[in-house]
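What's in query-v9.cif: mmCIF, C-alpha atoms and all ligand atoms
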data_my_file
loop_
_atom_site.label_atom_id
_atom_site.label_comp_id
_atom_site.auth_asym_id
_atom_site.auth_seq_id
_atom_site.Cartn_x
_atom_site.Cartn_y
_atom_site.Cartn_z
CA MET U 1 129.82 139.92 75.33
CA SER U 2 127.56 138.60 78.01
CA LYS U 3 127.19 139.16 81.73
CA GLN U 4 129.39 142.23 82.05
CA ASN U 5 129.81 143.10 85.73
CA VAL U 6 131.05 146.68 85.58
CA TYR U 7 129.50 147.63 88.94
CA ASP U 8 132.10 145.49 90.70
CA ASN U 9 134.84 147.64 89.14
CA ASN U 10 136.06 149.86 92.03
CA VAL U 11 136.15 153.07 89.99
CA PHE U 12 132.72 152.52 88.44
CA PHE U 13 131.13 151.48 91.74
CA GLU U 14 132.49 154.52 93.62
CA LYS U 15 131.34 156.90 90.89
CA TYR U 16 127.87 155.34 90.86
CA ARG U 17 127.62 155.28 94.65
CA SER U 18 128.63 158.91 94.96
CA SER U 19 126.21 160.06 92.26
CA ARG U 20 123.36 158.17 93.96
CA GLY U 21 124.47 159.78 97.21
CA ASN U 22 123.79 163.26 95.81
CA GLU U 23 120.37 164.48 96.82
CA VAL U 24 119.69 165.54 93.22
CA ASN U 25 120.30 162.75 90.70
CA PHE U 26 118.62 161.16 87.68
CA ASN U 27 117.44 158.09 89.58
CA ASP U 28 115.71 159.82 92.46
CA CYS U 29 114.45 162.88 90.57
CA ILE U 30 113.34 161.22 87.32
CA GLU U 31 113.34 157.41 87.26
CA THR U 32 111.94 156.54 90.67
CA PRO U 33 108.89 158.85 90.77
CA ILE U 34 107.71 157.60 87.35
CA LEU U 35 108.33 153.93 88.12
CA LEU U 36 106.57 154.14 91.50
CA ALA U 37 103.59 155.88 89.89
CA MET U 38 103.21 152.94 87.50
CA LEU U 39 103.12 150.28 90.23
CA PRO U 40 99.94 148.67 91.52
CA ASP U 41 99.05 148.61 95.21
CA LEU U 42 101.87 146.53 96.71
CA HIS U 43 100.08 145.31 99.84
CA GLY U 44 100.40 141.54 100.15
CA LYS U 45 102.37 141.22 96.90
CA THR U 46 105.45 139.10 96.27
CA ILE U 47 107.95 141.01 94.14
CA LEU U 48 111.02 140.15 92.13
CA ASP U 49 113.32 143.14 91.49
CA ILE U 50 115.80 142.31 88.73
CA GLY U 51 119.12 144.14 89.02
CA CYS U 52 118.20 145.51 92.44
CA GLY U 53 121.56 147.25 92.82
CA MET U 54 121.95 148.97 96.18
CA GLY U 55 118.43 147.99 97.20
CA GLN U 56 116.70 151.38 97.23
CA HIS U 57 113.69 150.09 95.30
CA ALA U 58 113.46 146.84 97.27
CA LYS U 59 113.30 148.89 100.47
CA GLN U 60 110.66 151.18 99.00
CA TYR U 61 108.53 148.17 98.01
CA SER U 62 108.88 146.73 101.50
CA ASP U 63 107.87 150.09 103.03
CA MET U 64 104.92 150.28 100.61
CA GLY U 65 103.42 147.08 102.02
CA ALA U 66 104.90 144.28 99.91
CA GLU U 67 104.69 140.85 101.48
CA ALA U 68 108.13 139.77 100.29
CA VAL U 69 110.78 141.16 97.93
CA LEU U 70 113.53 139.19 96.23
CA GLY U 71 116.27 141.41 94.79
CA ILE U 72 118.76 139.80 92.46
CA ASP U 73 121.90 141.40 91.05
CA ILE U 74 125.16 140.31 89.47
CA SER U 75 127.31 142.72 91.49
CA GLU U 76 128.70 141.69 94.83
CA LYS U 77 129.47 145.29 95.77
CA MET U 78 125.96 146.51 95.01
CA LEU U 79 124.46 143.65 97.03
CA GLU U 80 126.81 144.28 99.95
CA TYR U 81 125.57 147.87 100.06
CA ALA U 82 121.95 146.73 99.78
CA LYS U 83 122.28 144.24 102.62
CA GLU U 84 123.80 146.86 104.89
CA HIS U 85 121.72 149.94 104.04
CA ASN U 86 118.41 148.69 102.65
CA LYS U 87 117.49 145.68 104.69
CA ALA U 88 114.14 144.51 106.05
CA ASP U 89 112.81 141.21 107.32
CA ASN U 90 110.82 140.66 104.14
CA ILE U 91 113.65 141.42 101.70
CA ALA U 92 116.05 138.76 100.42
CA TYR U 93 119.02 139.67 98.26
CA ARG U 94 120.59 137.06 96.02
CA ARG U 95 123.59 137.20 93.72
CA MET U 96 122.41 136.10 90.33
CA ALA U 97 122.67 137.27 86.74
CA MET U 98 119.38 138.21 85.12
CA GLU U 99 120.24 135.78 82.34
CA ASP U 100 119.92 132.97 84.91
CA ILE U 101 116.56 133.84 86.48
CA ASP U 102 115.00 130.69 85.07
CA ALA U 103 116.70 128.99 88.04
CA ILE U 104 114.31 130.78 90.43
CA ASN U 105 111.75 128.28 91.62
CA GLN U 106 108.92 130.67 92.46
CA GLN U 107 106.28 132.82 90.77
CA PHE U 108 105.63 136.45 91.69
CA ASP U 109 102.74 138.93 91.77
CA LEU U 110 104.96 141.67 90.40
CA VAL U 111 108.28 141.76 88.56
CA THR U 112 110.15 145.07 88.41
CA SER U 113 113.44 146.26 87.05
CA SER U 114 115.05 149.70 86.98
CA LEU U 115 117.71 150.61 84.42
CA VAL U 116 119.14 147.12 84.05
CA PHE U 117 117.99 145.74 80.69
CA ASP U 118 120.53 147.88 78.81
CA TYR U 119 123.01 145.19 79.81
CA VAL U 120 121.29 142.11 78.43
CA GLU U 121 122.26 140.74 75.05
CA ASP U 122 119.15 138.62 74.48
CA PHE U 123 116.32 140.97 75.47
CA GLY U 124 113.60 138.78 73.95
CA GLY U 125 114.88 135.67 75.73
CA LEU U 126 114.91 137.53 79.03
CA MET U 127 111.32 138.69 78.52
CA MET U 128 110.23 135.05 78.10
CA LYS U 129 112.04 134.02 81.29
CA ILE U 130 110.34 136.87 83.15
CA ARG U 131 106.90 135.89 81.88
CA ASN U 132 107.46 132.36 83.21
CA LEU U 133 108.15 133.75 86.69
CA MET U 134 104.86 135.63 86.83
CA LYS U 135 101.59 134.41 88.33
CA LYS U 136 98.51 134.56 86.10
CA ASP U 137 97.45 138.14 86.92
CA ALA U 138 100.91 139.44 87.74
CA GLU U 139 102.29 142.73 86.44
CA PHE U 140 105.68 143.59 85.03
CA VAL U 141 106.91 147.18 85.38
CA PHE U 142 110.33 148.29 84.24
CA SER U 143 112.50 151.15 83.09
CA MET U 144 115.57 151.18 80.89
CA SER U 145 117.62 153.75 79.01
CA HIS U 146 115.60 155.23 76.20
CA PRO U 147 116.82 153.99 72.79
CA ILE U 148 117.49 157.62 71.88
CA VAL U 149 120.10 157.64 74.63
CA THR U 150 121.79 154.34 73.75
CA ALA U 151 122.19 155.48 70.11
CA TRP U 152 125.59 156.87 70.99
CA ASP U 153 129.10 155.58 70.38
CA GLY U 154 131.07 157.80 72.73
CA VAL U 155 133.07 159.64 70.09
CA TYR U 156 130.95 162.76 69.65
CA ASP U 157 129.19 165.15 71.99
CA ARG U 158 125.70 163.98 72.85
CA TYR U 159 124.47 167.50 72.04
CA THR U 160 125.01 170.09 69.35
CA ARG U 161 125.82 173.22 71.31
CA THR U 162 126.03 176.96 70.88
CA GLU U 163 129.43 178.62 71.15
CA THR U 164 128.73 179.18 74.83
CA GLY U 165 127.93 175.49 75.40
CA GLU U 166 124.15 175.74 75.55
CA ARG U 167 122.50 172.50 74.33
CA LEU U 168 120.67 173.12 71.06
CA TYR U 169 119.89 169.58 69.84
CA ALA U 170 120.37 166.01 71.07
CA ASN U 171 122.48 163.97 68.66
CA LEU U 172 121.74 160.43 67.52
CA ARG U 173 124.21 158.13 65.86
CA ASN U 174 123.34 154.88 64.12
CA TYR U 175 119.94 154.63 65.80
CA CYS U 176 118.98 151.97 63.27
CA ARG U 177 122.03 149.81 63.97
CA GLU U 178 121.22 147.63 66.96
CA GLY U 179 123.62 145.75 69.17
CA LEU U 180 126.55 146.17 71.51
CA ARG U 181 127.87 149.70 72.15
CA LYS U 182 131.28 149.89 73.75
CA VAL U 183 132.22 153.36 74.97
CA ASP U 184 134.72 154.97 77.31
CA TRP U 185 132.32 156.21 79.97
CA VAL U 186 133.63 156.27 83.56
CA VAL U 187 135.71 153.21 82.65
CA ASN U 188 137.24 152.21 79.33
CA GLY U 189 135.05 149.84 77.35
CA TYR U 190 131.73 150.31 79.19
CA GLU U 191 129.27 148.03 77.40
CA CYS U 192 125.54 148.25 76.83
CA TYR U 193 123.10 147.22 74.13
CA HIS U 194 121.20 149.55 71.85
CA ARG U 195 117.78 148.52 70.55
CA THR U 196 115.13 150.45 68.69
CA VAL U 197 111.75 151.21 70.24
CA SER U 198 110.02 148.79 67.86
CA SER U 199 112.40 145.98 68.89
CA LEU U 200 111.48 146.51 72.54
CA ILE U 201 107.76 146.46 71.78
CA ASN U 202 108.02 143.42 69.52
CA ALA U 203 110.12 141.51 72.05
CA LEU U 204 107.49 142.16 74.72
CA THR U 205 104.53 141.13 72.59
CA GLY U 206 106.52 138.22 71.15
CA ALA U 207 107.14 136.96 74.68
CA GLY U 208 103.41 136.98 75.37
CA PHE U 209 102.99 140.35 77.10
CA MET U 210 100.28 142.95 76.66
CA ILE U 211 101.66 146.47 77.06
CA GLU U 212 99.24 148.39 79.26
CA GLU U 213 101.25 151.58 79.59
CA CYS U 214 104.41 153.14 78.20
CA ARG U 215 105.95 156.34 79.54
CA GLU U 216 109.00 158.39 78.65
CA ALA U 217 111.04 160.22 81.25
CA HIS U 218 110.18 163.82 82.03
CA ILE U 219 111.05 166.39 84.64
CA SER U 220 109.47 169.74 85.47
CA ASP U 221 110.63 173.04 83.95
CA GLU U 222 111.23 174.18 87.50
CA MET U 223 113.80 171.42 88.10
CA ARG U 224 115.44 172.12 84.75
CA GLU U 225 115.77 175.78 85.64
CA LYS U 226 117.07 175.00 89.11
CA TYR U 227 119.67 172.45 87.92
CA PRO U 228 120.51 173.40 84.32
CA ALA U 229 123.85 171.60 84.17
CA LEU U 230 122.32 168.30 85.26
CA PHE U 231 118.85 168.39 83.73
CA GLY U 232 119.17 170.96 80.91
CA GLY U 233 119.36 168.27 78.22
CA THR U 234 116.12 166.60 79.30
CA ILE U 235 114.11 169.09 77.24
CA HIS U 236 115.59 167.53 74.10
CA ARG U 237 115.30 163.82 74.84
CA PRO U 238 113.71 161.45 77.35
CA GLU U 239 116.47 159.68 79.26
CA PHE U 240 114.41 156.61 80.13
CA ILE U 241 111.53 154.54 78.78
CA PHE U 242 109.05 152.71 81.02
CA PHE U 243 106.63 149.85 80.37
CA ARG U 244 103.84 148.27 82.40
CA CYS U 245 102.80 144.85 81.07
CA ARG U 246 100.67 141.81 81.86
CA LYS U 247 100.64 138.33 80.44
CA MET U 248 98.37 137.92 77.43
CA PRO U 249 95.42 135.71 78.36
CA GLY U 250 96.19 132.09 77.60
CA LYS U 251 99.97 132.65 77.47
C1 LIG F 301 121.92 151.38 86.92
S1 LIG F 301 122.06 150.14 88.12
C2 LIG F 301 120.40 150.12 88.73
C3 LIG F 301 120.26 149.55 90.11
C4 LIG F 301 118.84 149.57 90.70
N1 LIG F 301 117.92 148.83 89.88
C5 LIG F 301 118.36 150.98 90.87
O1 LIG F 301 117.56 151.46 90.06
O2 LIG F 301 118.78 151.63 91.82
C6 LIG F 301 122.17 148.68 87.17
C7 LIG F 301 122.26 147.41 87.98
O3 LIG F 301 122.16 146.29 87.09
C8 LIG F 301 123.03 145.29 87.56
N2 LIG F 301 123.34 144.36 86.46
C9 LIG F 301 124.06 144.60 85.34
N3 LIG F 301 124.13 143.50 84.59
C10 LIG F 301 123.45 142.53 85.25
C11 LIG F 301 123.16 141.16 84.98
N4 LIG F 301 123.61 140.57 83.89
N5 LIG F 301 122.41 140.49 85.87
C12 LIG F 301 121.95 141.08 87.00
N6 LIG F 301 122.20 142.36 87.32
C13 LIG F 301 122.93 143.09 86.45
C14 LIG F 301 124.25 146.06 88.03
O4 LIG F 301 125.08 145.28 88.86
C15 LIG F 301 123.57 147.23 88.73
O5 LIG F 301 123.32 146.95 90.07
#
Could the structure of this file be written out as C-alpha cells, please?
Ligand SMILES: C[S@@+](CC[C@H](N)C(=O)[O-])C[C@H]1O[C@@H](n2cnc3c(N)ncnc32)[C@H](O)[C@@H]1O
Amino acid sequence: MSKQNVYDNNVFFEKYRSSRGNEVNFNDCIETPILLAMLPDLHGKTILDIGCGMGQHAKQYSDMGAEAVLGIDISEKMLEYAKEHNKADNIAYRRMAMEDIDAINQQFDLVTSSLVFDYVEDFGGLMMKIRNLMKKDAEFVFSMSHPIVTAWDGVYDRYTRTETGERLYANLRNYCREGLRKVDWVVNGYECYHRTVSSLINALTGAGFMIEECREAHISDEMREKYPALFGGTIHRPEFIFFRCRKMPGK
C-alpha cells in the first residue's frame, strides 16, 4: 500500500471534521500544546507543514509571526477546508503527497508535521527527503502516533477493563512486528504503519538528523478527571510521540 487517501472518503472526513470541531479533542488538548511548545521563535521563518490537513497549524504559524508557510496534503477535502477557514496572505496550500516532496524546489527554516507520518510506508526515505528541504540551521519538529498506539490490529479492546468498564491496562499486540496495520476504524480497512521506537530513532539518525528533544504526550490529571471517557486511557499510554531535530553538521 502506498499513498492511501482516506481523508477524502466522505464518512472518514465528516467524522474527523466533527471531532476536530468539538472544543475538547485530542489534537487541541494534547497534540497542539506540546508541538507548539517545541517550536522555535517563528518570526521571519519559512515553514513547510507536511500533511497540513485543515490548516489549523499553518494558521497558527502565520499568527505566530512566520514569514511564509507552505502546507501540503494529499486530501482535496482537507485542503478545501484549509483554504476556506485557515487562510492568510502568507500561507500557500498545495495538493501533494508527502512521498513526493522532493519535487519542492525550495529550502525552509523549519519543517513541521502533525500526526501524518503514520501513513508513510518508507519512513527513512521520507526523513532523507525532509533533510534535503532544510536550510543549514533549520529545525524539524513533528508528532506522530506513539508506537504503543499503532501496535494494535483492531480485533481486541485496546484496554483490559474491569467488569464495570474501567480501564486497567493498555494492551499491546505484536509491538515487535513492524509494517502495515489494516483495521476497521471509522471505515473498513483503515491503513497505517506501525514502527518501533528504535526504528524511528534510527531512521532519523540514519537520515542525518540529530535528535535534540523527544517528548511523549501527556495531559493533566484535572483534564482526565473532567473528561474521563475521552482522556481516561491517557494515564496508561502516551498517545503521541514528538521529536525536535536538526541536521547533523556536515550532512
Ligand atoms: C490526522 S490528520 C492531521 C492534519 C494536520 N496535520 C493536523 O494536525 O491538524 C492527517 C493528515 O495527513 C494527510 N495525509 C495522509 N497521507 C498523506 C500523504 N501520503 N501525503 C500527504 N498528506 C497525507 C491526511 O490527508 C490528513 O490531512
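Proximity ranking of U:Asp221, U:Asp73, U:Glu14, U:Glu239 relative to ligand LIG 301 (chain F) places U:Asp73 first, based on only C-alpha atoms and all ligand atoms.
Going from CA of Thr196 in chain U over to CA of Ile148 in chain U, you cover 8.2 Å.
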Ligand LIG 301 (chain F), all listed atoms, 3 Å padding on each side: what axis-aligned box centre and edge lengths in Å to one decimal come out, as lines of an AutoDock Vina configuration file?
center_x = 121.3
center_y = 146.1
center_z = 87.9
size_x = 13.5
size_y = 17.1
size_z = 13.9
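Counting from CA of Pro40 in chain U, the distance to CA of Ser145 in chain U is 22.2 Å.
With only C-alpha atoms and all ligand atoms counted, the chains near ligand LIG 301 (chain F) contribute these residues within 7 Å: Lys3, Gln4, Asn5, Val6, Tyr7, Asn27, Ile50, Gly51, Cys52, Gly53, Met54, Gly55, Gln56, His57, Ile72, Asp73, Ile74, Ser75, Met78, Met96, Ala97, Met98, Glu99, Ser113, Ser114, Leu115, Val116, Tyr119 and Val120 of chain U.
Here CA of Arg237 in chain U stands at a distance of 19.2 Å from CA of Ile201 in chain U.
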At a cut-off of 12 Å, using only C-alpha atoms, what residues contact Asn188 in chain U? Leave out same-chain residues fewer than 4 positions from it and give the result as a PyMOL selection string. chain U and resi 6+9+11-12+154+182-184
For Asn90 in chain U: contacts at 10 Å, only C-alpha atoms, fewer than 4 positions along chain excluded, given as a list in words: Thr46, Ala58, Lys59, Tyr61, Ser62, Asp63, Ala66, Glu67, Ala68, Val69 and Leu70 of chain U
For those residues, write C-alpha atoms to a file as a PDB file, in the frame of the given file.
ATOM      1  CA  THR U  46     105.450 139.100  96.270  1.00  0.00           C
ATOM      2  CA  ALA U  58     113.460 146.840  97.270  1.00  0.00           C
ATOM      3  CA  LYS U  59     113.300 148.890 100.470  1.00  0.00           C
ATOM      4  CA  TYR U  61     108.530 148.170  98.010  1.00  0.00           C
ATOM      5  CA  SER U  62     108.880 146.730 101.500  1.00  0.00           C
ATOM      6  CA  ASP U  63     107.870 150.090 103.030  1.00  0.00           C
ATOM      7  CA  ALA U  66     104.900 144.280  99.910  1.00  0.00           C
ATOM      8  CA  GLU U  67     104.690 140.850 101.480  1.00  0.00           C
ATOM      9  CA  ALA U  68     108.130 139.770 100.290  1.00  0.00           C
ATOM     10  CA  VAL U  69     110.780 141.160  97.930  1.00  0.00           C
ATOM     11  CA  LEU U  70     113.530 139.190  96.230  1.00  0.00           C
TER      12      LEU U  70
END
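Nearest residue to Met127 in chain U among U:Leu172, U:Cys245, U:Ala82, U:Leu39 is U:Cys245, counting all atoms listed in the file.
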Give the answer as one residue: which of U:Asp122, U:Asp49, U:Glu23, U:Glu31 has the shortest atom-to-atom distance to His146 in chain U, using all atoms listed in the file? U:Glu31
Across U:Phe117, U:Tyr227, U:Tyr169, U:Phe140, the smallest distance to Cys29 in chain U, with all atoms listed in the file counted, is shown by U:Tyr227
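Among the candidate residues U:Lys45, U:Asp28, U:Val111, U:Arg224, the one lying nearest to Phe243 in chain U is U:Val111, with distances computed using only C-alpha atoms.
When only C-alpha atoms are used to measure the gap to Pro228 in chain U, the shortest distance among U:Asn105, U:Glu191, U:Asp157, U:Val24 belongs to U:Val24.
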